[in-house]
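Below is model_35.csv, holding CSV, C-alpha atoms.
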chain,number,residue,atom,x,y,z
A,1,MET,CA,-28.0,-13.9,-42.3
A,2,GLY,CA,-25.8,-16.9,-42.7
A,3,LYS,CA,-24.9,-19.3,-39.9
A,4,GLY,CA,-21.3,-19.9,-39.1
A,5,SER,CA,-19.7,-22.6,-37.1
A,6,GLY,CA,-20.8,-21.1,-33.8
A,7,ASP,CA,-24.0,-21.5,-31.9
A,8,ALA,CA,-26.9,-20.1,-33.9
A,9,SER,CA,-28.8,-19.1,-30.8
A,10,GLY,CA,-26.1,-16.6,-30.0
A,11,ALA,CA,-25.3,-18.1,-26.6
A,12,ALA,CA,-21.7,-18.0,-25.5
A,13,PRO,CA,-19.8,-21.3,-25.7
A,14,ALA,CA,-18.8,-23.3,-22.7
A,15,GLU,CA,-15.8,-22.1,-20.7
A,16,GLU,CA,-12.6,-23.3,-22.3
A,17,GLU,CA,-9.3,-24.4,-20.8
A,18,ASP,CA,-7.3,-21.6,-19.2
A,19,LEU,CA,-4.2,-21.0,-21.4
A,20,SER,CA,-3.0,-17.9,-19.7
A,21,SER,CA,0.3,-19.5,-18.8
A,22,VAL,CA,1.0,-20.7,-22.4
A,23,MET,CA,3.3,-18.8,-24.8
A,24,PHE,CA,3.4,-19.6,-28.6
A,25,ILE,CA,6.0,-18.6,-31.1
A,26,ASP,CA,6.8,-20.0,-34.6
A,27,LYS,CA,10.3,-18.8,-35.5
A,28,THR,CA,10.2,-20.6,-38.9
A,29,TRP,CA,7.1,-18.8,-39.9
A,30,LEU,CA,8.4,-15.4,-38.7
A,31,SER,CA,11.6,-15.9,-40.7
A,32,CYS,CA,9.6,-16.5,-43.9
A,33,PHE,CA,6.7,-14.0,-43.6
A,34,PRO,CA,6.3,-10.4,-42.4
A,35,LEU,CA,4.0,-9.9,-39.3
A,36,ASN,CA,1.6,-7.1,-40.1
A,37,GLN,CA,-2.2,-6.4,-39.9
A,38,HIS,CA,-2.8,-8.6,-43.0
A,39,THR,CA,-0.9,-11.6,-41.7
A,40,ALA,CA,-1.5,-11.4,-37.9
A,41,LEU,CA,-4.6,-13.6,-38.0
A,42,ASP,CA,-2.8,-16.2,-40.2
A,43,TYR,CA,0.0,-16.3,-37.7
A,44,PHE,CA,-2.4,-16.5,-34.8
A,45,SER,CA,-4.3,-19.4,-36.4
A,46,LEU,CA,-1.1,-21.6,-35.9
A,47,SER,CA,-1.3,-21.1,-32.1
A,48,PRO,CA,-3.2,-23.3,-29.6
A,49,PHE,CA,-5.5,-20.3,-28.8
A,50,TYR,CA,-7.2,-20.5,-32.2
A,51,SER,CA,-10.4,-22.5,-32.6
A,52,ARG,CA,-10.9,-24.6,-35.7
A,53,ASP,CA,-14.6,-24.2,-35.1
A,54,SER,CA,-14.6,-20.5,-35.6
A,55,ASN,CA,-16.1,-18.6,-38.5
A,56,ASN,CA,-12.6,-17.5,-39.4
A,57,GLU,CA,-11.7,-21.1,-40.2
A,58,LEU,CA,-14.8,-21.5,-42.3
A,59,VAL,CA,-13.9,-18.3,-44.3
A,60,ARG,CA,-10.3,-19.6,-44.7
A,61,GLN,CA,-11.4,-23.0,-46.0
A,62,GLN,CA,-13.8,-21.5,-48.5
A,63,ARG,CA,-11.3,-18.8,-49.5
A,64,LEU,CA,-13.7,-15.9,-48.8
A,65,GLU,CA,-13.0,-12.3,-47.8
A,66,LEU,CA,-12.9,-11.5,-44.1
A,67,SER,CA,-15.8,-9.1,-44.7
A,68,VAL,CA,-18.0,-12.1,-44.9
A,69,LEU,CA,-17.6,-12.6,-41.1
A,70,ALA,CA,-20.1,-9.8,-40.5
A,71,THR,CA,-22.8,-11.8,-42.2
A,72,LEU,CA,-22.3,-14.9,-40.0
A,73,THR,CA,-23.2,-15.7,-36.4
A,74,GLY,CA,-20.8,-17.5,-34.1
A,75,VAL,CA,-17.2,-17.3,-32.8
A,76,GLU,CA,-14.8,-15.0,-34.7
A,77,TYR,CA,-11.4,-13.4,-34.3
A,78,ALA,CA,-10.4,-9.9,-35.3
A,79,VAL,CA,-7.4,-7.6,-34.9
A,80,VAL,CA,-8.5,-4.8,-32.7
A,81,VAL,CA,-5.1,-3.1,-32.0
A,82,ASN,CA,-2.4,-2.9,-34.6
A,83,SER,CA,1.0,-1.5,-33.8
A,84,GLU,CA,3.0,-3.4,-36.3
A,85,PRO,CA,5.4,-5.0,-36.3
A,86,HIS,CA,5.7,-5.4,-32.6
A,87,LEU,CA,2.2,-5.5,-31.1
A,88,PHE,CA,-1.2,-6.8,-32.1
A,89,VAL,CA,-4.3,-7.4,-30.0
A,90,ILE,CA,-6.7,-10.1,-31.2
A,91,GLN,CA,-10.2,-10.3,-29.8
A,92,LYS,CA,-12.3,-13.5,-29.7
A,93,SER,CA,-16.0,-12.6,-29.9
A,94,MET,CA,-19.4,-14.2,-30.3
A,95,ARG,CA,-21.2,-12.5,-33.1
A,96,GLN,CA,-25.0,-12.3,-32.7
A,97,SER,CA,-25.8,-10.1,-35.6
A,98,SER,CA,-24.0,-7.8,-38.1
A,99,ALA,CA,-24.0,-5.0,-35.5
A,100,VAL,CA,-23.7,-7.0,-32.2
A,101,THR,CA,-20.6,-8.9,-30.9
A,102,ILE,CA,-19.9,-10.1,-27.4
A,103,PRO,CA,-16.2,-10.1,-26.4
A,104,LEU,CA,-15.0,-13.5,-25.0
A,105,GLU,CA,-11.2,-13.4,-24.8
A,106,SER,CA,-8.3,-11.2,-25.8
A,107,TYR,CA,-4.8,-12.3,-27.0
A,108,TYR,CA,-1.6,-10.4,-27.5
A,109,ILE,CA,1.1,-10.9,-30.2
A,110,VAL,CA,4.2,-9.2,-28.8
A,111,ASN,CA,7.3,-9.5,-31.0
A,112,GLY,CA,6.0,-12.7,-32.5
A,113,GLN,CA,5.1,-14.2,-29.1
A,114,VAL,CA,1.4,-15.0,-28.6
A,115,TYR,CA,-0.2,-14.8,-25.1
A,116,GLN,CA,-3.7,-15.0,-23.7
A,117,ALA,CA,-4.7,-11.9,-21.7
A,118,PRO,CA,-5.5,-12.8,-18.1
A,119,SER,CA,-9.0,-12.2,-16.8
A,120,ALA,CA,-9.8,-9.3,-14.5
A,121,ALA,CA,-10.4,-11.7,-11.6
A,122,ALA,CA,-7.0,-13.3,-12.1
A,123,VAL,CA,-5.3,-9.9,-12.1
A,124,LEU,CA,-7.2,-8.8,-8.9
A,125,SER,CA,-6.4,-12.0,-7.1
A,126,ALA,CA,-2.7,-11.7,-7.9
A,127,ARG,CA,-2.6,-8.1,-6.6
A,128,LEU,CA,-4.4,-9.1,-3.4
A,129,VAL,CA,-1.9,-12.0,-2.8
A,130,HIS,CA,1.0,-9.6,-3.4
A,131,SER,CA,-0.5,-7.0,-1.0
A,132,ILE,CA,-1.0,-9.6,1.8
A,133,ALA,CA,2.6,-10.7,1.4
A,134,HIS,CA,3.7,-7.1,2.1
A,135,VAL,CA,1.4,-6.9,5.2
A,136,HIS,CA,2.9,-10.2,6.5
A,137,ASN,CA,6.4,-8.9,6.1
A,138,ALA,CA,5.5,-5.6,7.8
A,139,LEU,CA,4.1,-7.5,10.9
A,140,SER,CA,7.2,-9.7,11.0
A,141,SER,CA,9.4,-6.6,11.0
A,142,LEU,CA,7.3,-5.1,13.8
A,143,HIS,CA,7.7,-8.2,15.9
A,144,SER,CA,11.5,-8.4,15.4
A,145,SER,CA,11.9,-4.7,16.1
A,146,ALA,CA,10.1,-4.7,19.5
A,147,VAL,CA,12.2,-4.4,22.6
A,148,VAL,CA,10.3,-5.2,25.9
A,149,ARG,CA,11.6,-3.9,29.2
A,150,ASP,CA,11.3,-5.3,32.7
A,151,ASP,CA,9.1,-2.4,33.8
A,152,GLY,CA,6.4,-3.4,31.3
A,153,THR,CA,7.2,-0.8,28.6
A,154,TYR,CA,8.4,-1.6,25.2
A,155,SER,CA,10.2,0.4,22.4
A,156,TRP,CA,10.7,-0.1,18.7
A,157,ARG,CA,14.2,-0.8,17.5
A,158,TRP,CA,14.1,1.0,14.1
A,159,ALA,CA,17.1,1.9,11.9
A,160,GLN,CA,20.2,2.9,13.8
A,161,SER,CA,20.2,6.3,12.1
A,162,GLU,CA,17.1,7.4,14.0
A,163,GLY,CA,19.1,7.5,17.2
A,164,ARG,CA,16.2,7.1,19.6
A,165,HIS,CA,13.4,4.8,20.6
A,166,ARG,CA,9.8,5.6,21.0
A,167,SER,CA,8.4,4.0,24.3
A,168,GLN,CA,4.8,3.2,25.2
A,169,PRO,CA,3.4,1.4,28.2
A,170,ARG,CA,2.5,-2.2,27.2
A,171,THR,CA,-0.9,-3.5,28.1
A,172,SER,CA,-0.9,-6.5,30.4
A,173,SER,CA,-3.3,-8.4,28.1
A,174,TRP,CA,-0.8,-8.4,25.2
A,175,ASP,CA,1.9,-11.1,25.4
A,176,MET,CA,4.4,-10.1,22.7
A,177,ASP,CA,5.7,-13.6,21.7
A,178,SER,CA,2.4,-15.5,21.8
A,179,ASP,CA,0.4,-12.7,20.2
A,180,ALA,CA,2.8,-12.2,17.3
A,181,ALA,CA,3.0,-16.0,16.6
A,182,SER,CA,-0.8,-16.2,16.3
A,183,MET,CA,-0.9,-13.0,14.3
A,184,HIS,CA,1.5,-14.4,11.7
A,185,ALA,CA,-0.7,-17.5,11.4
A,186,ASP,CA,-3.9,-15.4,11.1
A,187,VAL,CA,-2.6,-13.1,8.4
A,188,ALA,CA,-2.7,-15.9,5.7
A,189,ARG,CA,-6.2,-16.9,6.7
A,190,GLN,CA,-8.1,-13.7,7.5
A,191,PRO,CA,-5.8,-10.6,6.8
A,192,HIS,CA,-8.7,-8.1,7.0
A,193,LYS,CA,-9.6,-9.2,10.5
A,194,VAL,CA,-5.9,-8.9,11.6
A,195,LEU,CA,-5.8,-5.3,10.3
A,196,LEU,CA,-9.1,-4.5,12.1
A,197,GLY,CA,-7.7,-6.0,15.3
A,198,LEU,CA,-4.5,-3.9,15.0
A,199,GLN,CA,-6.6,-0.7,14.7
A,200,ALA,CA,-8.7,-1.6,17.7
A,201,ARG,CA,-5.6,-2.4,19.8
A,202,ASN,CA,-3.9,0.9,18.9
A,203,HIS,CA,-7.1,2.8,19.8
A,204,THR,CA,-7.3,1.0,23.2
A,205,MET,CA,-3.6,1.7,24.0
A,206,ARG,CA,-4.0,5.4,23.1
A,207,SER,CA,-7.1,5.6,25.4
A,208,ALA,CA,-5.3,4.0,28.3
A,209,SER,CA,-2.3,6.3,27.8
A,210,SER,CA,-4.5,9.4,27.8
A,211,LYS,CA,-6.3,8.3,31.1
A,212,LYS,CA,-3.0,7.6,32.8
A,213,THR,CA,-1.3,10.9,31.9
A,214,GLY,CA,-4.4,13.1,32.4
A,215,PRO,CA,-5.1,16.5,30.8
A,216,VAL,CA,-2.1,18.8,30.1
A,217,ASP,CA,-1.9,22.0,32.1
A,218,ALA,CA,-2.2,24.9,29.7
A,219,ASP,CA,-0.1,27.2,32.0
A,220,ARG,CA,3.0,25.0,31.8
How does the structure come out when it is put into structure tokens?
Amino acid sequence: MGKGSGDASGAAPAEEEDLSSVMFIDKTWLSCFPLNQHTALDYFSLSPFYSRDSNNELVRQQRLELSVLATLTGVEYAVVVNSEPHLFVIQKSMRQSSAVTIPLESYYIVNGQVYQAPSAAAVLSARLVHSIAHVHNALSSLHSSAVVRDDGTYSWRWAQSEGRHRSQPRTSSWDMDSDAASMHADVARQPHKVLLGLQARNHTMRSASSKKTGPVDADR
């Protein structure tokens, strides 16, 4: 088996620069050539995502058929999804043998615009940040909707259409202003602990309320 421009040992190359925020488009090329399964790799080779050290570049320089890539080892690019003319998915892989390739990166060509697909870790991190922002907004709404009375009870000031407030005795250990202020600061640092603390507090308040009211008479 021939050796391409990649590492002959089959080891994955060093981690490259993150280009997930980069978008490439060549309007001049698109106005002169059609974008299809035969030209997608040629168009992709103009972008900053393409490596000149890949086996594809070696095949291009020697004017060989793309089928030769299966006989080489190293980095290669291939079109794995073809929905011409609007969508193409190009996969960057490390070929170890004619039957074994290890995916490294994926890229999208959408209406002539080339993007690098984000990693699973980046997607999960973005979703977590988005979720925490909603939790923070919910806690802020709770604090602004609380109405504390002089007798030590409080109610929630919900939408005006509800027409009534739900009241509960407030525990003496919870100071509304100071606790909410510290809660807002803690959400950004340790959101999971804040949620656990809220669950524990609600459980304590329900237990205290049950002890105060006592059992309900079944004959009433």
Q: Tell me which of A:Thr153, A:Ser125, A:Asn111, A:Gln37 sits closest to Ile90 (chain A), counting only C-alpha atoms.
A: A:Gln37
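Between CA of Ala146 (chain A) and CA of Leu128 (chain A) lies a distance of 27.5 Å.
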Q) Between A:Ser67, A:Ser54, A:Gln116, A:Gln61, which has the minimum distance to Ser93 (chain A) (counting all atoms listed in the file)? A) A:Ser54
Q. So which residues fall inside 8 Å of (-11.1, -13.0, -42.1) if we count all atoms listed in the file? Mind giving them as an MDAnalysis selection string?
A. chainID A and resid 41 56 59:60 64:69 77:78
Q. Which polymer residues have any atom within 8 Å of an atom of Tyr108 (chain A), counting all atoms listed in the file, with same-chain residues fewer than 4 positions away left out, as number ranges by chain?
A. A: 87-90, 113-117
Write a file of the selected residues as a short mmCIF file (atom, residue, chain, number, x, y, z; two decimals), in the frame of the given file, keeping C-alpha atoms.
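Final file, selection.cif:
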data_model
loop_
_atom_site.label_atom_id
_atom_site.label_comp_id
_atom_site.auth_asym_id
_atom_site.auth_seq_id
_atom_site.Cartn_x
_atom_site.Cartn_y
_atom_site.Cartn_z
CA LEU A 87 2.20 -5.50 -31.10
CA PHE A 88 -1.20 -6.80 -32.10
CA VAL A 89 -4.30 -7.40 -30.00
CA ILE A 90 -6.70 -10.10 -31.20
CA GLN A 113 5.10 -14.20 -29.10
CA VAL A 114 1.40 -15.00 -28.60
CA TYR A 115 -0.20 -14.80 -25.10
CA GLN A 116 -3.70 -15.00 -23.70
CA ALA A 117 -4.70 -11.90 -21.70
#
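Atom to atom, CA of Asp26 (chain A) and CA of Gly112 (chain A) stand 7.6 Å apart.
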Q) Separation of CA of Ile132 (chain A) and CA of Ser155 (chain A), in Å? A) 25.5 Å
Which residues are near Ser47 (chain A)? Cut-off 8 Å, all atoms listed in the file, ignore same chain within fewer than 4 positions. Put them as a short mmCIF file (atom, residue, chain, number, x, y, z; two decimals) with C-alpha atoms, in the frame of the given file.
data_model
loop_
_atom_site.label_atom_id
_atom_site.label_comp_id
_atom_site.auth_asym_id
_atom_site.auth_seq_id
_atom_site.Cartn_x
_atom_site.Cartn_y
_atom_site.Cartn_z
CA PHE A 24 3.40 -19.60 -28.60
CA ILE A 25 6.00 -18.60 -31.10
CA TYR A 43 0.00 -16.30 -37.70
CA VAL A 114 1.40 -15.00 -28.60
#
Hey, could you patch up region 115-148 of chain A with N, CA and C atoms and hand it over as a PDB file, in the coordinates of the input?
ATOM      1  N   TYR A 115       0.220 -14.579 -26.508  1.00  0.00           N
ATOM      2  CA  TYR A 115      -0.200 -14.800 -25.100  1.00  0.00           C
ATOM      3  C   TYR A 115      -1.740 -14.634 -25.060  1.00  0.00           C
ATOM      4  N   GLN A 116      -2.344 -15.311 -24.090  1.00  0.00           N
ATOM      5  CA  GLN A 116      -3.700 -15.000 -23.700  1.00  0.00           C
ATOM      6  C   GLN A 116      -3.756 -14.002 -22.625  1.00  0.00           C
ATOM      7  N   ALA A 117      -4.571 -12.959 -22.772  1.00  0.00           N
ATOM      8  CA  ALA A 117      -4.700 -11.900 -21.700  1.00  0.00           C
ATOM      9  C   ALA A 117      -5.344 -12.523 -20.499  1.00  0.00           C
ATOM     10  N   PRO A 118      -4.833 -12.238 -19.302  1.00  0.00           N
ATOM     11  CA  PRO A 118      -5.500 -12.800 -18.100  1.00  0.00           C
ATOM     12  C   PRO A 118      -6.800 -12.070 -17.836  1.00  0.00           C
ATOM     13  N   SER A 119      -7.680 -12.752 -17.115  1.00  0.00           N
ATOM     14  CA  SER A 119      -9.000 -12.200 -16.800  1.00  0.00           C
ATOM     15  C   SER A 119      -8.825 -11.135 -15.684  1.00  0.00           C
ATOM     16  N   ALA A 120      -9.841 -10.282 -15.534  1.00  0.00           N
ATOM     17  CA  ALA A 120      -9.800  -9.300 -14.500  1.00  0.00           C
ATOM     18  C   ALA A 120      -9.756  -9.910 -13.104  1.00  0.00           C
ATOM     19  N   ALA A 121     -10.455 -11.037 -12.924  1.00  0.00           N
ATOM     20  CA  ALA A 121     -10.400 -11.700 -11.600  1.00  0.00           C
ATOM     21  C   ALA A 121      -9.044 -12.247 -11.304  1.00  0.00           C
ATOM     22  N   ALA A 122      -8.335 -12.764 -12.318  1.00  0.00           N
ATOM     23  CA  ALA A 122      -7.000 -13.300 -12.100  1.00  0.00           C
ATOM     24  C   ALA A 122      -6.027 -12.153 -11.712  1.00  0.00           C
ATOM     25  N   VAL A 123      -6.164 -10.994 -12.368  1.00  0.00           N
ATOM     26  CA  VAL A 123      -5.300  -9.900 -12.100  1.00  0.00           C
ATOM     27  C   VAL A 123      -5.561  -9.365 -10.643  1.00  0.00           C
ATOM     28  N   LEU A 124      -6.842  -9.239 -10.266  1.00  0.00           N
ATOM     29  CA  LEU A 124      -7.200  -8.800  -8.900  1.00  0.00           C
ATOM     30  C   LEU A 124      -6.695  -9.733  -7.859  1.00  0.00           C
ATOM     31  N   SER A 125      -6.850 -11.042  -8.106  1.00  0.00           N
ATOM     32  CA  SER A 125      -6.400 -12.000  -7.100  1.00  0.00           C
ATOM     33  C   SER A 125      -4.890 -11.964  -6.945  1.00  0.00           C
ATOM     34  N   ALA A 126      -4.144 -11.791  -8.033  1.00  0.00           N
ATOM     35  CA  ALA A 126      -2.700 -11.700  -7.900  1.00  0.00           C
ATOM     36  C   ALA A 126      -2.272 -10.457  -7.143  1.00  0.00           C
ATOM     37  N   ARG A 127      -2.972  -9.336  -7.370  1.00  0.00           N
ATOM     38  CA  ARG A 127      -2.600  -8.100  -6.600  1.00  0.00           C
ATOM     39  C   ARG A 127      -2.929  -8.268  -5.153  1.00  0.00           C
ATOM     40  N   LEU A 128      -4.038  -8.936  -4.802  1.00  0.00           N
ATOM     41  CA  LEU A 128      -4.400  -9.100  -3.400  1.00  0.00           C
ATOM     42  C   LEU A 128      -3.333 -10.005  -2.692  1.00  0.00           C
ATOM     43  N   VAL A 129      -2.924 -11.079  -3.351  1.00  0.00           N
ATOM     44  CA  VAL A 129      -1.900 -12.000  -2.800  1.00  0.00           C
ATOM     45  C   VAL A 129      -0.613 -11.188  -2.553  1.00  0.00           C
ATOM     46  N   HIS A 130      -0.247 -10.350  -3.529  1.00  0.00           N
ATOM     47  CA  HIS A 130       1.000  -9.600  -3.400  1.00  0.00           C
ATOM     48  C   HIS A 130       0.880  -8.581  -2.248  1.00  0.00           C
ATOM     49  N   SER A 131      -0.293  -7.963  -2.079  1.00  0.00           N
ATOM     50  CA  SER A 131      -0.500  -7.000  -1.000  1.00  0.00           C
ATOM     51  C   SER A 131      -0.419  -7.689   0.373  1.00  0.00           C
ATOM     52  N   ILE A 132      -1.052  -8.859   0.493  1.00  0.00           N
ATOM     53  CA  ILE A 132      -1.000  -9.600   1.800  1.00  0.00           C
ATOM     54  C   ILE A 132       0.378 -10.000   2.142  1.00  0.00           C
ATOM     55  N   ALA A 133       1.187 -10.337   1.144  1.00  0.00           N
ATOM     56  CA  ALA A 133       2.600 -10.700   1.400  1.00  0.00           C
ATOM     57  C   ALA A 133       3.325  -9.512   2.047  1.00  0.00           C
ATOM     58  N   HIS A 134       3.056  -8.298   1.568  1.00  0.00           N
ATOM     59  CA  HIS A 134       3.700  -7.100   2.100  1.00  0.00           C
ATOM     60  C   HIS A 134       3.220  -6.869   3.575  1.00  0.00           C
ATOM     61  N   VAL A 135       1.922  -7.091   3.828  1.00  0.00           N
ATOM     62  CA  VAL A 135       1.400  -6.900   5.200  1.00  0.00           C
ATOM     63  C   VAL A 135       2.067  -7.922   6.127  1.00  0.00           C
ATOM     64  N   HIS A 136       2.221  -9.166   5.683  1.00  0.00           N
ATOM     65  CA  HIS A 136       2.900 -10.200   6.500  1.00  0.00           C
ATOM     66  C   HIS A 136       4.308  -9.795   6.827  1.00  0.00           C
ATOM     67  N   ASN A 137       5.028  -9.275   5.828  1.00  0.00           N
ATOM     68  CA  ASN A 137       6.400  -8.900   6.100  1.00  0.00           C
ATOM     69  C   ASN A 137       6.475  -7.687   7.034  1.00  0.00           C
ATOM     70  N   ALA A 138       5.494  -6.780   6.931  1.00  0.00           N
ATOM     71  CA  ALA A 138       5.500  -5.600   7.800  1.00  0.00           C
ATOM     72  C   ALA A 138       5.251  -6.088   9.283  1.00  0.00           C
ATOM     73  N   LEU A 139       4.328  -7.019   9.502  1.00  0.00           N
ATOM     74  CA  LEU A 139       4.100  -7.500  10.900  1.00  0.00           C
ATOM     75  C   LEU A 139       5.287  -8.269  11.401  1.00  0.00           C
ATOM     76  N   SER A 140       5.970  -8.999  10.528  1.00  0.00           N
ATOM     77  CA  SER A 140       7.200  -9.700  11.000  1.00  0.00           C
ATOM     78  C   SER A 140       8.263  -8.710  11.393  1.00  0.00           C
ATOM     79  N   SER A 141       8.371  -7.616  10.643  1.00  0.00           N
ATOM     80  CA  SER A 141       9.400  -6.600  11.000  1.00  0.00           C
ATOM     81  C   SER A 141       9.037  -5.933  12.322  1.00  0.00           C
ATOM     82  N   LEU A 142       7.744  -5.670  12.555  1.00  0.00           N
ATOM     83  CA  LEU A 142       7.300  -5.100  13.800  1.00  0.00           C
ATOM     84  C   LEU A 142       7.707  -5.976  15.006  1.00  0.00           C
ATOM     85  N   HIS A 143       7.439  -7.265  14.853  1.00  0.00           N
ATOM     86  CA  HIS A 143       7.700  -8.200  15.900  1.00  0.00           C
ATOM     87  C   HIS A 143       9.219  -8.271  16.229  1.00  0.00           C
ATOM     88  N   SER A 144      10.030  -8.313  15.172  1.00  0.00           N
ATOM     89  CA  SER A 144      11.500  -8.400  15.400  1.00  0.00           C
ATOM     90  C   SER A 144      12.079  -7.119  15.884  1.00  0.00           C
ATOM     91  N   SER A 145      11.379  -5.991  15.711  1.00  0.00           N
ATOM     92  CA  SER A 145      11.900  -4.700  16.100  1.00  0.00           C
ATOM     93  C   SER A 145      11.466  -4.279  17.533  1.00  0.00           C
ATOM     94  N   ALA A 146      10.596  -5.047  18.161  1.00  0.00           N
ATOM     95  CA  ALA A 146      10.100  -4.700  19.500  1.00  0.00           C
ATOM     96  C   ALA A 146      11.081  -5.056  20.580  1.00  0.00           C
ATOM     97  N   VAL A 147      11.301  -4.125  21.489  1.00  0.00           N
ATOM     98  CA  VAL A 147      12.200  -4.400  22.600  1.00  0.00           C
ATOM     99  C   VAL A 147      11.343  -4.186  23.905  1.00  0.00           C
ATOM    100  N   VAL A 148      11.143  -5.269  24.686  1.00  0.00           N
ATOM    101  CA  VAL A 148      10.300  -5.200  25.900  1.00  0.00           C
ATOM    102  C   VAL A 148      11.215  -5.088  27.111  1.00  0.00           C
TER     103      VAL A 148
END
